[in-house]
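Chemist: Next up, input_31.txt (compact mmCIF, C-alpha atoms and all ligand atoms).
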# COMPACT_ATOMS: atom_id res chain seq x y z
CA MET A 1 29.24 11.59 46.28
CA SER A 2 25.99 9.98 47.29
CA TYR A 3 23.45 10.71 49.96
CA HIS A 4 20.59 8.74 51.48
CA ILE A 5 16.98 9.17 52.51
CA GLY A 6 16.15 5.92 54.27
CA ASN A 7 17.63 3.27 51.99
CA VAL A 8 17.24 5.38 48.84
CA ARG A 9 20.49 6.64 47.37
CA LEU A 10 20.59 10.11 45.84
CA ASP A 11 23.44 11.38 43.66
CA SER A 12 22.94 14.99 44.69
CA LYS A 13 21.74 17.00 47.68
CA LEU A 14 19.31 18.85 45.44
CA ILE A 15 15.64 17.92 45.30
CA LEU A 16 12.96 19.08 42.89
CA ALA A 17 10.12 20.42 45.10
CA PRO A 18 6.65 18.97 44.54
CA MET A 19 4.75 21.47 42.39
CA ALA A 20 1.19 21.04 41.15
CA GLY A 21 0.83 22.27 37.56
CA VAL A 22 4.61 22.24 37.01
CA ASN A 23 6.08 18.80 37.71
CA CYS A 24 4.76 16.82 34.77
CA ALA A 25 6.84 13.75 33.88
CA ALA A 26 8.71 15.66 31.14
CA PHE A 27 9.76 18.37 33.57
CA ARG A 28 10.80 15.85 36.22
CA LEU A 29 12.92 14.01 33.67
CA LEU A 30 14.54 17.23 32.52
CA CYS A 31 15.39 18.22 36.10
CA LYS A 32 16.85 14.78 36.74
CA GLY A 33 18.96 15.17 33.58
CA TYR A 34 20.30 18.46 34.90
CA GLY A 35 21.30 16.92 38.21
CA ALA A 36 18.36 16.85 40.65
CA GLY A 37 19.11 13.98 43.06
CA LEU A 38 15.41 13.34 43.66
CA VAL A 39 12.36 14.48 41.74
CA SER A 40 8.89 14.86 43.24
CA THR A 41 5.46 14.48 41.76
CA PRO A 42 2.86 17.18 42.36
CA MET A 43 0.67 16.41 45.36
CA LEU A 44 -1.79 13.59 44.65
CA VAL A 45 -5.02 13.74 46.63
CA ILE A 46 -5.64 10.40 48.38
CA ASN A 47 -9.41 10.67 47.85
CA GLN A 48 -8.84 10.96 44.09
CA ILE A 49 -6.31 8.12 44.00
CA VAL A 50 -8.79 5.78 45.63
CA ALA A 51 -11.74 6.99 43.51
CA ALA A 52 -9.93 6.78 40.16
CA PRO A 53 -6.54 5.08 40.51
CA GLU A 54 -5.88 4.57 36.81
CA LYS A 55 -6.62 8.17 35.94
CA ILE A 56 -4.30 9.54 38.64
CA ILE A 57 -1.52 7.10 37.75
CA ASN A 58 -1.79 8.05 34.08
CA GLN A 59 -1.76 11.72 34.96
CA ALA A 60 1.31 11.32 37.16
CA CYS A 61 2.94 9.29 34.36
CA PHE A 62 5.76 7.53 36.21
CA LEU A 63 8.89 6.83 34.17
CA LYS A 64 11.74 4.42 34.90
CA GLN A 65 14.27 7.01 33.73
CA GLU A 66 13.25 9.55 36.37
CA LYS A 67 13.98 7.32 39.38
CA PRO A 68 14.38 7.89 42.25
CA VAL A 69 11.01 9.61 42.49
CA SER A 70 9.15 10.86 45.53
CA VAL A 71 5.37 10.60 45.27
CA GLN A 72 3.54 13.14 47.38
CA LEU A 73 0.20 12.32 49.00
CA VAL A 74 -2.20 14.81 50.53
CA GLY A 75 -5.30 14.08 52.59
CA SER A 76 -6.32 13.23 56.13
CA ASP A 77 -8.57 10.18 56.15
CA SER A 78 -6.74 7.14 57.56
CA ARG A 79 -8.59 4.50 55.52
CA LEU A 80 -8.06 6.42 52.28
CA ALA A 81 -4.40 6.94 53.21
CA GLU A 82 -3.96 3.17 53.61
CA GLN A 83 -5.59 2.41 50.28
CA ALA A 84 -3.88 5.22 48.38
CA THR A 85 -0.49 4.13 49.74
CA ARG A 86 -1.00 0.57 48.53
CA ILE A 87 -2.08 1.81 45.09
CA ILE A 88 0.81 4.24 44.65
CA GLU A 89 3.61 2.33 46.35
CA PRO A 90 4.75 0.26 43.33
CA TYR A 91 5.57 3.48 41.47
CA ALA A 92 7.32 5.31 44.32
CA ASP A 93 10.84 5.18 45.69
CA ILE A 94 9.84 7.51 48.51
CA ILE A 95 6.34 8.50 49.66
CA ASP A 96 6.01 12.05 50.93
CA VAL A 97 3.11 13.36 53.00
CA ASN A 98 2.03 16.96 52.40
CA LEU A 99 1.55 18.87 55.66
CA GLY A 100 2.06 22.30 54.18
CA CYS A 101 -0.41 23.09 51.40
CA PRO A 102 -2.23 26.36 52.20
CA GLU A 103 -4.92 26.07 49.48
CA LYS A 104 -8.58 26.24 50.52
CA ASP A 105 -9.70 23.00 48.86
CA ILE A 106 -6.95 21.08 50.67
CA LEU A 107 -7.66 22.78 54.01
CA ALA A 108 -11.31 21.81 53.54
CA LEU A 109 -10.14 18.17 53.61
CA LYS A 110 -8.46 18.94 56.96
CA ALA A 111 -5.19 18.26 55.18
CA GLY A 112 -2.02 20.11 54.18
CA SER A 113 -1.14 22.92 56.59
CA PHE A 114 -4.37 22.26 58.54
CA LEU A 115 -2.31 19.51 60.13
CA VAL A 116 0.46 21.78 61.41
CA LYS A 117 -2.31 23.74 63.11
CA HIS A 118 -3.66 20.51 64.60
CA PRO A 119 -0.50 18.47 65.23
CA ASP A 120 -2.43 15.88 67.26
CA GLN A 121 -4.04 14.79 63.95
CA ILE A 122 -0.77 14.27 62.05
CA LYS A 123 -0.61 10.59 62.94
CA LYS A 124 -4.02 9.99 61.32
CA ILE A 125 -2.39 10.37 57.91
CA VAL A 126 1.28 9.58 58.50
CA THR A 127 0.90 6.27 60.38
CA PRO A 128 -1.31 4.52 57.80
CA VAL A 129 1.14 5.56 55.07
CA ILE A 130 4.12 4.20 57.02
CA ASN A 131 2.25 0.99 57.89
CA ASN A 132 1.40 0.23 54.28
CA THR A 133 4.79 0.55 52.61
CA ASN A 134 8.36 -0.61 53.00
CA LYS A 135 9.56 2.49 51.17
CA PRO A 136 10.88 5.48 53.12
CA VAL A 137 8.14 7.93 54.10
CA THR A 138 8.96 11.63 54.36
CA ALA A 139 6.89 14.69 55.27
CA LYS A 140 6.85 18.23 53.97
CA ILE A 141 5.78 20.90 56.43
CA ARG A 142 5.45 24.63 56.89
CA ILE A 143 6.80 26.24 60.08
CA GLY A 144 3.34 26.90 61.53
CA TRP A 145 -0.08 28.35 60.81
CA ASP A 146 0.77 32.02 61.43
CA ASP A 147 3.51 34.02 63.12
CA LYS A 148 1.85 33.54 66.51
CA SER A 149 1.82 29.77 66.26
CA ILE A 150 5.20 28.76 64.89
CA ASN A 151 5.66 25.13 65.93
CA THR A 152 8.39 23.69 63.71
CA LEU A 153 10.13 21.81 66.50
CA GLU A 154 6.93 20.32 67.90
CA VAL A 155 5.88 19.04 64.46
CA VAL A 156 9.38 17.75 63.64
CA LYS A 157 9.43 15.79 66.92
CA ILE A 158 5.99 14.27 66.25
CA LEU A 159 7.04 13.21 62.76
CA GLU A 160 10.34 11.75 63.95
CA ASP A 161 8.56 9.74 66.65
CA LEU A 162 6.09 8.44 64.05
CA GLY A 163 9.05 7.14 62.03
CA VAL A 164 9.44 9.34 58.96
CA SER A 165 12.81 9.16 57.19
CA ALA A 166 13.29 12.87 56.45
CA ILE A 167 11.42 16.16 56.76
CA ALA A 168 11.28 18.96 54.20
CA ILE A 169 10.65 22.36 55.76
CA HIS A 170 9.23 25.18 53.66
CA ALA A 171 10.25 27.89 56.07
CA ARG A 172 7.08 29.96 55.92
CA THR A 173 3.80 29.90 57.80
CA LYS A 174 0.52 28.98 56.12
CA GLU A 175 -0.58 32.62 56.37
CA GLU A 176 2.53 33.80 54.56
CA LYS A 177 1.82 31.53 51.59
CA TYR A 178 4.72 32.61 49.31
CA SER A 179 5.20 36.17 50.53
CA GLY A 180 8.08 37.72 52.41
CA ARG A 181 11.33 36.00 53.08
CA ALA A 182 11.58 32.34 54.14
CA HIS A 183 12.66 31.97 57.79
CA TRP A 184 15.73 29.79 57.34
CA GLU A 185 16.48 30.05 61.06
CA GLU A 186 13.59 27.60 61.64
CA ILE A 187 15.37 25.09 59.37
CA MET A 188 18.53 25.61 61.42
CA LYS A 189 16.69 25.03 64.71
CA ALA A 190 15.10 21.85 63.35
CA LYS A 191 18.46 20.58 62.11
CA GLU A 192 20.01 21.15 65.54
CA LYS A 193 17.37 18.93 67.20
CA ALA A 194 16.50 16.35 64.55
CA THR A 195 18.08 12.93 64.22
CA ILE A 196 16.82 12.39 60.64
CA PRO A 197 17.77 14.33 57.49
CA ILE A 198 16.32 17.82 57.17
CA ILE A 199 15.52 19.18 53.73
CA GLY A 200 15.64 22.98 53.60
CA ASN A 201 13.17 24.74 51.34
CA GLY A 202 12.26 28.32 50.52
CA ASP A 203 13.71 31.04 48.29
CA VAL A 204 16.54 29.19 46.57
CA PHE A 205 16.58 31.02 43.25
CA LYS A 206 20.32 30.89 42.60
CA PRO A 207 23.14 28.41 43.18
CA GLY A 208 24.62 30.77 45.78
CA SER A 209 21.41 30.69 47.83
CA ALA A 210 21.53 26.88 48.04
CA LYS A 211 25.12 27.08 49.29
CA ALA A 212 24.14 29.79 51.78
CA MET A 213 21.18 27.73 53.00
CA ILE A 214 23.44 24.74 53.67
CA GLU A 215 26.03 26.91 55.41
CA GLN A 216 23.51 28.80 57.52
CA THR A 217 21.19 25.96 58.49
CA ARG A 218 23.39 22.83 58.08
CA CYS A 219 20.44 21.20 56.30
CA ASP A 220 21.18 17.85 54.66
CA PHE A 221 19.34 18.51 51.39
CA VAL A 222 18.06 21.57 49.54
CA MET A 223 14.68 21.53 47.84
CA ILE A 224 14.17 23.89 44.90
CA GLY A 225 10.74 24.97 43.63
CA ARG A 226 10.08 28.24 41.82
CA GLY A 227 13.78 28.71 41.10
CA CYS A 228 13.78 25.83 38.64
CA MET A 229 10.58 26.65 36.73
CA GLY A 230 11.81 27.13 33.15
CA ASN A 231 15.29 26.88 34.64
CA PRO A 232 16.34 23.27 35.28
CA PHE A 233 19.96 24.46 34.77
CA ILE A 234 19.88 25.57 38.40
CA PHE A 235 20.48 21.95 39.44
CA LYS A 236 23.61 21.61 37.29
CA ARG A 237 24.96 25.00 38.31
CA THR A 238 24.28 24.41 42.01
CA ASN A 239 25.84 20.93 41.98
CA ALA A 240 28.92 22.48 40.38
CA LEU A 241 29.09 25.26 42.95
CA LEU A 242 28.71 22.82 45.85
CA ALA A 243 31.37 20.51 44.41
CA THR A 244 34.00 23.07 43.45
CA GLY A 245 33.15 26.28 45.27
CA SER A 246 33.13 28.10 41.92
CA ASN A 247 30.26 29.31 39.84
CA ILE A 248 29.78 28.05 36.30
CA GLU A 249 28.34 30.32 33.66
CA GLU A 250 24.65 30.83 33.08
CA PRO A 251 23.36 28.79 30.13
CA SER A 252 23.67 30.48 26.75
CA GLU A 253 20.62 31.54 24.81
CA GLN A 254 21.18 28.55 22.52
CA GLU A 255 21.31 26.12 25.45
CA LYS A 256 18.09 27.53 26.90
CA LYS A 257 16.27 27.01 23.63
CA LYS A 258 17.68 23.51 23.21
CA CYS A 259 16.56 22.71 26.71
CA PHE A 260 12.99 23.71 25.95
CA MET A 261 13.12 21.60 22.77
CA LYS A 262 14.21 18.66 24.91
CA PHE A 263 11.28 19.35 27.23
CA LEU A 264 8.94 19.36 24.24
CA GLU A 265 10.37 16.07 22.99
CA TYR A 266 9.90 14.44 26.40
CA TYR A 267 6.40 15.91 26.67
CA GLU A 268 5.34 14.54 23.29
CA ASN A 269 7.04 11.17 23.79
CA TYR A 270 6.16 10.32 27.36
CA GLU A 271 3.22 12.28 28.75
CA LYS A 272 0.12 10.05 28.84
CA ILE A 273 -2.36 12.89 29.32
CA ARG A 274 -1.27 16.00 27.44
CA SER A 275 -2.71 19.45 27.94
CA PHE A 276 -1.93 22.28 25.59
CA THR A 277 -2.50 24.83 28.37
CA GLU A 278 0.10 23.06 30.49
CA LEU A 279 2.56 22.91 27.60
CA LYS A 280 2.06 26.58 26.76
CA GLN A 281 2.62 27.55 30.37
CA GLN A 282 5.91 25.63 30.42
CA ALA A 283 6.91 27.31 27.14
CA MET A 284 6.32 30.69 28.80
CA TRP A 285 8.44 29.81 31.84
CA PHE A 286 11.34 28.77 29.61
CA THR A 287 11.50 32.26 28.07
CA LYS A 288 12.80 33.62 31.37
CA GLY A 289 16.12 35.37 30.81
CA MET A 290 16.04 35.07 27.00
CA THR A 291 16.60 38.12 24.85
CA GLY A 292 13.30 39.28 23.40
CA ALA A 293 11.44 37.29 26.07
CA ARG A 294 8.50 39.69 25.99
CA ASP A 295 7.95 39.25 22.24
CA LEU A 296 8.42 35.53 22.61
CA ARG A 297 5.78 35.36 25.33
CA TYR A 298 3.44 37.56 23.29
CA ASN A 299 3.74 35.14 20.36
CA LEU A 300 3.38 32.11 22.62
CA MET A 301 0.18 33.56 24.09
CA LYS A 302 -1.36 33.40 20.61
CA ALA A 303 -0.15 29.85 19.90
CA LYS A 304 -2.98 27.47 19.06
CA GLY A 305 -1.08 24.19 18.94
CA VAL A 306 2.25 22.43 19.50
CA ASN A 307 3.39 23.30 15.97
CA ASP A 308 2.95 27.01 16.70
CA ILE A 309 5.11 26.66 19.80
CA LEU A 310 7.76 24.78 17.84
CA ARG A 311 7.73 27.39 15.08
CA ILE A 312 8.06 30.26 17.55
CA TYR A 313 10.96 28.63 19.40
CA LYS A 314 12.67 27.47 16.18
CA ALA A 315 12.59 31.02 14.87
CA LYS A 316 14.78 31.87 17.85
CA LEU A 317 17.38 29.16 17.09
C1 LIG B 401 3.11 26.32 41.26
C2 LIG B 401 3.43 25.69 42.59
C3 LIG B 401 2.83 24.49 42.93
C4 LIG B 401 3.13 23.90 44.16
N1 LIG B 401 2.58 22.68 44.46
C5 LIG B 401 2.97 22.04 45.61
C6 LIG B 401 2.56 20.69 45.86
O1 LIG B 401 1.87 20.04 45.06
N2 LIG B 401 2.97 20.12 47.04
C7 LIG B 401 3.77 20.78 47.94
O2 LIG B 401 4.13 20.24 48.98
N3 LIG B 401 4.16 22.05 47.71
C8 LIG B 401 3.82 22.67 46.55
N4 LIG B 401 4.31 23.91 46.28
C9 LIG B 401 5.28 24.52 47.21
C10 LIG B 401 6.72 24.17 46.80
O3 LIG B 401 6.95 22.79 46.86
C11 LIG B 401 7.74 24.90 47.71
O4 LIG B 401 7.55 24.47 49.02
C12 LIG B 401 7.58 26.41 47.67
O5 LIG B 401 7.45 26.88 46.35
C13 LIG B 401 8.78 27.10 48.33
O6 LIG B 401 9.97 26.75 47.66
P1 LIG B 401 10.68 27.75 46.59
O7 LIG B 401 10.93 29.04 47.30
O8 LIG B 401 11.93 27.02 46.19
O9 LIG B 401 9.71 27.93 45.47
C14 LIG B 401 4.01 24.53 45.07
C15 LIG B 401 4.58 25.75 44.71
C16 LIG B 401 4.32 26.33 43.49
C17 LIG B 401 4.99 27.63 43.14
Represent the structure from my file as structure tokens, please.
Modeler:
Amino acid sequence: MSYHIGNVRLDSKLILAPMAGVNCAAFRLLCKGYGAGLVSTPMLVINQIVAAPEKIINQACFLKQEKPVSVQLVGSDSRLAEQATRIIEPYADIIDVNLGCPEKDILALKAGSFLVKHPDQIKKIVTPVINNTNKPVTAKIRIGWDDKSINTLEVVKILEDLGVSAIAIHARTKEEKYSGRAHWEEIMKAKEKATIPIIGNGDVFKPGSAKAMIEQTRCDFVMIGRGCMGNPFIFKRTNALLATGSNIEEPSEQEKKKCFMKFLEYYENYEKIRSFTELKQQAMWFTKGMTGARDLRYNLMKAKGVNDILRIYKAKL
């Protein structure tokens, strides 16, 4: 089966959510290997792309093997959006615009979820992106600023009229950040009205939740964030469930360890700018669900270099 966003073909309905501090190239590649149909970069700030293009491109570390890749931009200045789009476009299969980030430094740029609060300003960022690329442009939104100002349908309509190719909806308000339960009914309402693909997002931690999200909301794609941290298997298991209706087993202890080793290999081989803190954090996430995970994490906390991490994981093999 294949699916499309604009003219980009995806082999699965499952999309790796953009995640700052998580989606390094090695992790994106791993998720692709486990069956993500599309992988996303972390958000890239347009001001930083224009100020130091080489640095940001090296940090993002685009790889041929990970394609198709969605590159996420965040910002609000139209001129910077034009320039950043032209800089980033050769590396991207899809360009995504972030209209959902609730973090203070992004709101200070009048970007991210600031723009769902001020929908009249959405075109300031989306139009220059669309006008400077032939690649499909998508947007990722939250359902509103707070529970008194939920405006999913208004924002979806604006984005559709501007010409985006798909919209990812993290079904929470800005105020909710990551708390409470995602309001999937907003995804359903958007899907009923929209003429472009809708990507459902929020609280898919198990294959069964992705299936339930599709059944309840009729969304075209499912975006997975926290559920795949240290757990790229979720893509394989969810693809299997969607294809056959049956669950496949959770990965064995051995598979989990091998998977982290693969991550480490990719990290060492491909990452242009390596950070031990980042690597250690990933190592911690991969302990999830392992026997003796607490001891493993305790030992990892004390690790001083890659060799320590290798030794600690190898001792588990
Ligand atoms: C560590 C972390 C970093 C994130 N960074 C981004 C980001 O760069 N851009 C973005 O649009 N959303 C970002 N998000 C939000 C996720 O893409 C996603 O919308 C959210 O986690 C809800 O999906 P989930 O329930 O599957 O995790 C981030 C989330 C987490 C947990």
Chemist: As a ChimeraX atom specification, please: every protein or nucleic acid residue near ligand LIG 401 (chain B) (cut-off 6 Å, counting only C-alpha atoms and all ligand atoms).
Modeler: /A:17-21,42-43,98,100-101,170,201-204,224-227
Chemist: Could you jot down the atom CA of Met301 of chain A to atom CA of Met284 of chain A separation for me, Å, one decimal place?
Modeler: 8.3 Å
Chemist: With only C-alpha atoms as the counted atoms, please give the residues lying no more than 10 Å from Pro197 of chain A, apart from itself and same-chain residues fewer than 3 positions off, as a list in words.
Modeler: His4, Ile5, Gly6, Thr138, Val164, Ser165, Ala166, Ile167, Ala168, Ala190, Lys191, Ala194, Gly200, Cys219, Asp220 and Phe221 of chain A
Chemist: Nearest to Pro128 of chain A among A:Glu271, A:Val156, A:Ile88, A:Gln83, with distances taken over all atoms listed in the file: which residue is it?
Modeler: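 So, comparing all the options, the nearest one is A:Gln83.
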Chemist: Would you pick out the contacts of Cys259 of chain A at 9 Å or less, using all atoms listed in the file, so that residues sharing its chain but fewer than 5 positions from it are not included, and give the list as a ChimeraX atom specification?
Modeler: /A:30,232-233,254,264,286
Chemist: From the set A:Val306, A:Ile87, A:Met223, A:Ser76, which residue has the shortest atom-to-atom contact distance to Gln121 of chain A, counting all atoms listed in the file?
Modeler: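 With all atoms listed in the file as the atom set, the closest residue is A:Ser76.
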Chemist: Given the choices A:Pro90, A:Ala25, A:Leu109, A:Asp96, which gets closest to Gly75 of chain A if the distance is worked out from only C-alpha atoms?
Modeler: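 When distances to Gly75 of chain A are compared using only C-alpha atoms, the smallest one comes from A:Leu109.
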Chemist: With a distance cut-off of 8 Å and all atoms listed in the file, select the neighbouring residues of segment 176-181 of chain A, excluding the residue or stretch itself and same-chain residues fewer than 2 positions from it, and output the selection as a count of residues only.
Modeler: 7
Chemist: For atom CA of Phe263 of chain A and atom CA of Ala92 of chain A, determine how far apart the two atoms are, in Å to one decimal place.
Modeler: 22.5 Å
Chemist: A:Lys280, A:Lys104, A:Lys304, A:Lys272: which is nearest Phe62 of chain A, counting only C-alpha atoms?
Modeler: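 Looking only at the distances to Phe62 of chain A, the closest residue turns out to be A:Lys272.
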Chemist: At what distance in Å, to one decimal, does atom CA of Ser12 of chain A lie from atom CA of Ile196 of chain A?
Modeler: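 Those two atoms sit 17.3 Å apart.
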Chemist: Can you pull out the residues contacting Tyr34 of chain A? Cut-off 12 Å, using only C-alpha atoms, and skip same-chain residues under 4 positions away; I want them as a list in words.
Modeler: Asp11, Ser12, Leu14, Ile15, Leu16, Phe27, Arg28, Leu29, Leu30, Leu38, Val39, Glu66, Cys228, Asn231, Pro232, Phe233, Ile234, Phe235, Lys236, Arg237, Thr238, Asn239, Ala240, Pro251, Cys259, Lys262 and Phe263 of chain A
